[in-house]
Amino acid sequence: MIRSFFITSLVLLSGCLQPEGTGLALSEGSGARVNFDVYHKPLPEIPLPNDFATTFDATTLTRRRVNASMEAPTRWERHTRAALDRLDGWGTYQTITVSFDRLLDLQNLIARHQGDDYDPADDAAYLINITRESPTFCERVPLDLGEGNFPVVLERPGYFDNDRPGDNLLFDDREEDLNGNGVLDPGEDLDMDGVLDHPNTLNPGDSSFEMLTFYERETNTLLLKPVTPLEERSTYAVVLTKRLVDVDGKPVRSPFHYVNHTAQTAALEPLVDCLPRFGLGVEDLAFTWSYTTQSVTADYVAIRDGLYGLGPMQRLATEFPARIKTLLPLREQSAGSNVFIVPSEAVIGSALAALEALQGGLTPSLQEVRNSHEWIDYHAVFQYESPQFFRREDSAGKPLPIYEQLFEVDPITGAAFTRPETVTVWVVVPKRRPADGPPPAVILGHGYTSNKLEALYYGGFLARFGIATIALENVSHGLSLSTEEHALAKGLFTNQGLGRMFSAIVDESRAFDQNGDGRKDSGADFWTSYILHTREVVKQSAIDYMQLVKLLRSFDGQTRGDLDVNRDGVKDLAGDFDGDGVVDVGGDARLSIMGGSLGG
């Protein structure tokens with residue numbers, strides 16, 4: 001007991017004798033002070049992003065982990081914060097926020113940061129890469145302070161019936177003090193936040209279309225937006241110089257004895273070598289802090305390597321081999337016919353008849369589509385399996401809430417949850433193609449809520465140039481038809497003997513009924529307000545393309561599939577859908593990707 005007390009006393013004494021931490025320079029002045037309150041509720045009020053709000057984690061690529069509080073009133077928020085805590089750094093394109101205890105001189109900021117083509121000579125704030133091993137070490141990232149790179153005005157205000165009036169979603173744009181008495185009276189709180197709001201404009205009376213986008217008056221928060229994305233897994237310094245002054249003309253100041261928190265002095269040390277590039281020294285610093293960007297490409301690289309049998313996830317190559325799972329029959333069997341391909345003229349007739357019936361007429365643009373199909377030889381549809389890295393259901397088969405549908409991937413150890421998902425691919429083969437090999441091909445990316453039917457619209461135009469079209473659906477996407485529309489369209493295809501093709505391009509999709517109304521909801525969980533799941537479906541769609549590319553490259557003119565479409569007793573070459581002994585798509589031919597909207 002005495003020995004334990006003695007050792008404890010020594011430890012405490014040695015801690016007391018440790019020298020006090022120091023910063024890059026002493027803080028000076030009496031201007032607006034940076035707010036830094038770690039006890040603020042419901043969340044700390046500190047400049048963000050900030051490595052002060054991370055914790056050490058030796059298992060990540062950055063050796064950091066975001067440290068968000070887990071205290072939240074709803075399960076949705078708790079799951080969200082838990083997911084944030086798995087991030088190994090901050091966003092490479094996120095807005096930088098720092099608030100002050102009084103108003104800043106906004107005209108000074110405008111004069112220094114607007115209309116000079118981002119010349120840093122007299123800027124008040126800088127964002128500088130301070131990672132010595134980075135190729136962009138000491139380079140600054142241009143910051144947007146109201147230059148217009150990030151518009152906030154809504155194209156369509158009042159999207160839903162109960163939306164609050166306003167032209168944007170980020171800032172107050174309506175005067176709530178209707179009687180001018182400076183008090184929040186009943187009926188004046190338009191956004192129900194308990195605060196008497198005033199338009200967030202530079203000057204009173206400015207139009208709501210002249211929104212102040214780099215500063216929030218209500219909280220005196222400066223918003224710095226990087227114009228270009230930052231390097232991943234790199235540390236940056238946010239530098240507020242003494243050129244940044246408050247409404248009284250006084251330079252802003254640090255909340256600490258020094259111009260930085262002493263816990264970040266070591267991380268900020270490289271900044272000292274960078275400042276002279278901008279005509280600055282430590283004596284010009286008002287406040288500075290550092291933050292580290294997260295790993296962006298690590299999952300992609302580990303998974304892509306794994307698909308090719310490399311790295312910690314090499315098991316993917318065995319578990320998800322790149323091969324055609326099914327070549328779907330598109331028409332009924334008849335003597336001597338290849339049921340796996342359909343000539344262009346049969347498809348365009350049925351498809352345009354269906355489209356004309358569904359939309360009540362044939363537009364001039366659809367007539368152009370009809371004409372373009374003379375360049376197409378035939379159509380084929382096949383399926384492959386792609387590894388999916390987020391769960392859709394729990395162990396009992398019950399759909400998971402969207403905030404639990406997240407990747408479970410460790411790119412360092414290779415540990416990951418995976419499940420197979422069948423992806424259906426529509427191939428449009430041009431008439432004009434080499435005699436001894438496949439033509440160049442384009443993977444056609446569809447727009448948000450759209451589907452692989454876009455191959456019908458663009459396939460002929462590409463075929464005119466001898467280019468094959470390959471179309472598939474991104475996560476959750478497919479054709480959404482009512483029961484009546486589905487029956488009508490399928491009947492028109494069936495009348496031409498192509499009922500099976502209709503099923504292949506419409507029923508074999510990745511869309512599903514997400515709201516229980518009996519109709520598939522194409523892409524309903526793709527672009528959502530829950531950004532963490534949105535990140536995953538975008539990432540997953542890219543991985544599906546990776547698996548497709550590997551599959552197409554395996555059509556090498558040597559590998560044979562499981563079919564004998566020409567019934568000569570020999571298995572056909574993989575990728576030879578018409579059975580003529582020549583691969584029709586893929587192989588070593590040029591492979592490109594194009595698309596519009598989401599697909600672009």
# chains A, B, ... in the order shown; residues from 1 in each chain; ligands from 1
call {"tool": "select_by_dssp", "arguments": {"residues": "stretch 1-249 of chain A", "states": "strand (DSSP E)", "output": "JSON list (two decimals) with C-alpha atoms, in the first residue's frame"}}
result
[["chain", "number", "residue", "atom", "x", "y", "z"],
["A", 54, "THR", "CA", -10.14, 13.30, -33.37],
["A", 55, "THR", "CA", -8.57, 10.53, -31.36],
["A", 56, "PHE", "CA", -5.49, 8.40, -32.01],
["A", 64, "ARG", "CA", -6.70, 9.11, -36.49],
["A", 65, "ARG", "CA", -10.39, 8.61, -35.93],
["A", 66, "VAL", "CA", -13.12, 11.25, -35.76],
["A", 96, "ILE", "CA", -14.41, 25.16, -42.98],
["A", 97, "THR", "CA", -16.31, 26.94, -40.22],
["A", 98, "VAL", "CA", -15.03, 29.17, -37.44],
["A", 99, "SER", "CA", -17.18, 31.42, -35.26],
["A", 125, "ALA", "CA", -7.29, 33.48, -44.54],
["A", 126, "TYR", "CA", -5.36, 30.59, -46.06],
["A", 127, "LEU", "CA", -5.61, 26.81, -46.31],
["A", 128, "ILE", "CA", -2.14, 25.28, -46.67],
["A", 129, "ASN", "CA", -0.93, 21.69, -47.04],
["A", 143, "LEU", "CA", -10.86, 29.50, -50.84],
["A", 144, "ASP", "CA", -14.25, 30.73, -51.99],
["A", 215, "TYR", "CA", -20.67, 34.38, -43.30],
["A", 216, "GLU", "CA", -23.62, 33.65, -41.01],
["A", 221, "THR", "CA", -19.51, 32.22, -38.32],
["A", 222, "LEU", "CA", -17.01, 32.52, -41.16],
["A", 223, "LEU", "CA", -17.50, 29.90, -43.91],
["A", 224, "LEU", "CA", -14.40, 29.07, -45.97],
["A", 225, "LYS", "CA", -15.01, 26.76, -48.94],
["A", 226, "PRO", "CA", -12.10, 25.05, -50.73],
["A", 235, "THR", "CA", -2.73, 17.44, -42.95],
["A", 236, "TYR", "CA", -3.71, 21.04, -43.66],
["A", 237, "ALA", "CA", -3.40, 24.24, -41.68],
["A", 238, "VAL", "CA", -6.19, 26.79, -41.60],
["A", 239, "VAL", "CA", -4.46, 30.14, -41.19],
["A", 240, "LEU", "CA", -6.27, 33.25, -39.98],
["A", 241, "THR", "CA", -3.95, 36.23, -40.32]]
call {"tool": "residues_around", "arguments": {"residues": "stretch 314-317 of chain A", "least_positions_apart": "2", "cutoff": "12 Å", "atoms": "only C-alpha atoms", "output": "MDAnalysis selection string"}}
result
chainID A and resid 301:312 319:323 385:389 411 413:420 543 547 550:551
call {"tool": "residues_around", "arguments": {"residues": "A:Asn495", "least_positions_apart": "4", "cutoff": "12 Å", "atoms": "only C-alpha atoms", "output": "PDB file with N, CA, C and O atoms, in the first residue's frame"}}
result
ATOM      1  N   ARG A 331     -36.227 -14.601 -76.767  1.00  0.00           N
ATOM      2  CA  ARG A 331     -37.406 -14.918 -77.576  1.00  0.00           C
ATOM      3  C   ARG A 331     -37.676 -16.404 -77.495  1.00  0.00           C
ATOM      4  O   ARG A 331     -36.863 -17.180 -76.994  1.00  0.00           O
ATOM      5  N   GLU A 332     -38.816 -16.795 -78.013  1.00  0.00           N
ATOM      6  CA  GLU A 332     -39.224 -18.191 -77.949  1.00  0.00           C
ATOM      7  C   GLU A 332     -38.399 -19.042 -78.904  1.00  0.00           C
ATOM      8  O   GLU A 332     -37.934 -18.583 -79.945  1.00  0.00           O
ATOM      9  N   ALA A 346     -36.485  -5.974 -84.877  1.00  0.00           N
ATOM     10  CA  ALA A 346     -37.536  -6.537 -84.027  1.00  0.00           C
ATOM     11  C   ALA A 346     -37.660  -5.761 -82.725  1.00  0.00           C
ATOM     12  O   ALA A 346     -38.765  -5.521 -82.227  1.00  0.00           O
ATOM     13  N   VAL A 347     -36.514  -5.349 -82.166  1.00  0.00           N
ATOM     14  CA  VAL A 347     -36.527  -4.639 -80.893  1.00  0.00           C
ATOM     15  C   VAL A 347     -37.105  -3.239 -81.054  1.00  0.00           C
ATOM     16  O   VAL A 347     -37.975  -2.819 -80.282  1.00  0.00           O
ATOM     17  N   GLY A 349     -39.105  -2.004 -83.200  1.00  0.00           N
ATOM     18  CA  GLY A 349     -40.541  -1.995 -83.455  1.00  0.00           C
ATOM     19  C   GLY A 349     -41.347  -2.175 -82.192  1.00  0.00           C
ATOM     20  O   GLY A 349     -42.285  -1.419 -81.914  1.00  0.00           O
ATOM     21  N   SER A 350     -40.979  -3.163 -81.397  1.00  0.00           N
ATOM     22  CA  SER A 350     -41.707  -3.429 -80.156  1.00  0.00           C
ATOM     23  C   SER A 350     -41.502  -2.308 -79.146  1.00  0.00           C
ATOM     24  O   SER A 350     -42.451  -1.850 -78.497  1.00  0.00           O
ATOM     25  N   ALA A 351     -40.262  -1.848 -79.000  1.00  0.00           N
ATOM     26  CA  ALA A 351     -39.952  -0.849 -77.984  1.00  0.00           C
ATOM     27  C   ALA A 351     -40.643   0.479 -78.279  1.00  0.00           C
ATOM     28  O   ALA A 351     -41.228   1.102 -77.382  1.00  0.00           O
ATOM     29  N   ALA A 353     -43.262   0.964 -80.083  1.00  0.00           N
ATOM     30  CA  ALA A 353     -44.711   0.800 -79.931  1.00  0.00           C
ATOM     31  C   ALA A 353     -45.100   0.924 -78.463  1.00  0.00           C
ATOM     32  O   ALA A 353     -46.110   1.544 -78.124  1.00  0.00           O
ATOM     33  N   ALA A 354     -44.293   0.341 -77.580  1.00  0.00           N
ATOM     34  CA  ALA A 354     -44.571   0.430 -76.150  1.00  0.00           C
ATOM     35  C   ALA A 354     -44.421   1.858 -75.653  1.00  0.00           C
ATOM     36  O   ALA A 354     -45.262   2.370 -74.900  1.00  0.00           O
ATOM     37  N   LEU A 488     -49.425  -3.442 -70.266  1.00  0.00           N
ATOM     38  CA  LEU A 488     -49.529  -2.901 -71.612  1.00  0.00           C
ATOM     39  C   LEU A 488     -48.230  -3.093 -72.385  1.00  0.00           C
ATOM     40  O   LEU A 488     -48.229  -3.576 -73.523  1.00  0.00           O
ATOM     41  N   ALA A 489     -47.124  -2.687 -71.774  1.00  0.00           N
ATOM     42  CA  ALA A 489     -45.840  -2.775 -72.459  1.00  0.00           C
ATOM     43  C   ALA A 489     -45.453  -4.231 -72.737  1.00  0.00           C
ATOM     44  O   ALA A 489     -44.978  -4.553 -73.834  1.00  0.00           O
ATOM     45  N   LYS A 490     -45.658  -5.095 -71.766  1.00  0.00           N
ATOM     46  CA  LYS A 490     -45.294  -6.494 -71.978  1.00  0.00           C
ATOM     47  C   LYS A 490     -46.141  -7.115 -73.081  1.00  0.00           C
ATOM     48  O   LYS A 490     -45.652  -7.927 -73.882  1.00  0.00           O
ATOM     49  N   GLY A 491     -47.421  -6.715 -73.155  1.00  0.00           N
ATOM     50  CA  GLY A 491     -48.271  -7.252 -74.207  1.00  0.00           C
ATOM     51  C   GLY A 491     -47.774  -6.885 -75.586  1.00  0.00           C
ATOM     52  O   GLY A 491     -47.809  -7.716 -76.509  1.00  0.00           O
ATOM     53  N   GLY A 499     -41.676 -11.440 -75.478  1.00  0.00           N
ATOM     54  CA  GLY A 499     -42.057 -11.324 -74.081  1.00  0.00           C
ATOM     55  C   GLY A 499     -40.907 -11.614 -73.140  1.00  0.00           C
ATOM     56  O   GLY A 499     -40.777 -10.995 -72.076  1.00  0.00           O
ATOM     57  N   ARG A 500     -40.043 -12.538 -73.533  1.00  0.00           N
ATOM     58  CA  ARG A 500     -38.905 -12.884 -72.681  1.00  0.00           C
ATOM     59  C   ARG A 500     -37.878 -11.745 -72.662  1.00  0.00           C
ATOM     60  O   ARG A 500     -37.199 -11.525 -71.656  1.00  0.00           O
ATOM     61  N   MET A 501     -37.759 -11.028 -73.765  1.00  0.00           N
ATOM     62  CA  MET A 501     -36.840  -9.896 -73.773  1.00  0.00           C
ATOM     63  C   MET A 501     -37.361  -8.793 -72.862  1.00  0.00           C
ATOM     64  O   MET A 501     -36.580  -8.145 -72.144  1.00  0.00           O
ATOM     65  N   PHE A 502     -38.673  -8.562 -72.881  1.00  0.00           N
ATOM     66  CA  PHE A 502     -39.256  -7.569 -71.976  1.00  0.00           C
ATOM     67  C   PHE A 502     -38.926  -7.916 -70.531  1.00  0.00           C
ATOM     68  O   PHE A 502     -38.527  -7.049 -69.750  1.00  0.00           O
TER      69      PHE A 502
END
call {"tool": "atom_distance", "arguments": {"atom1": "atom CA of A:Leu591", "atom2": "atom CA of A:Asp562"}}
result
24.4 Å
call {"tool": "atom_distance", "arguments": {"atom1": "atom CA of A:Leu598", "atom2": "atom CA of A:Ser541"}}
result
10.9 Å
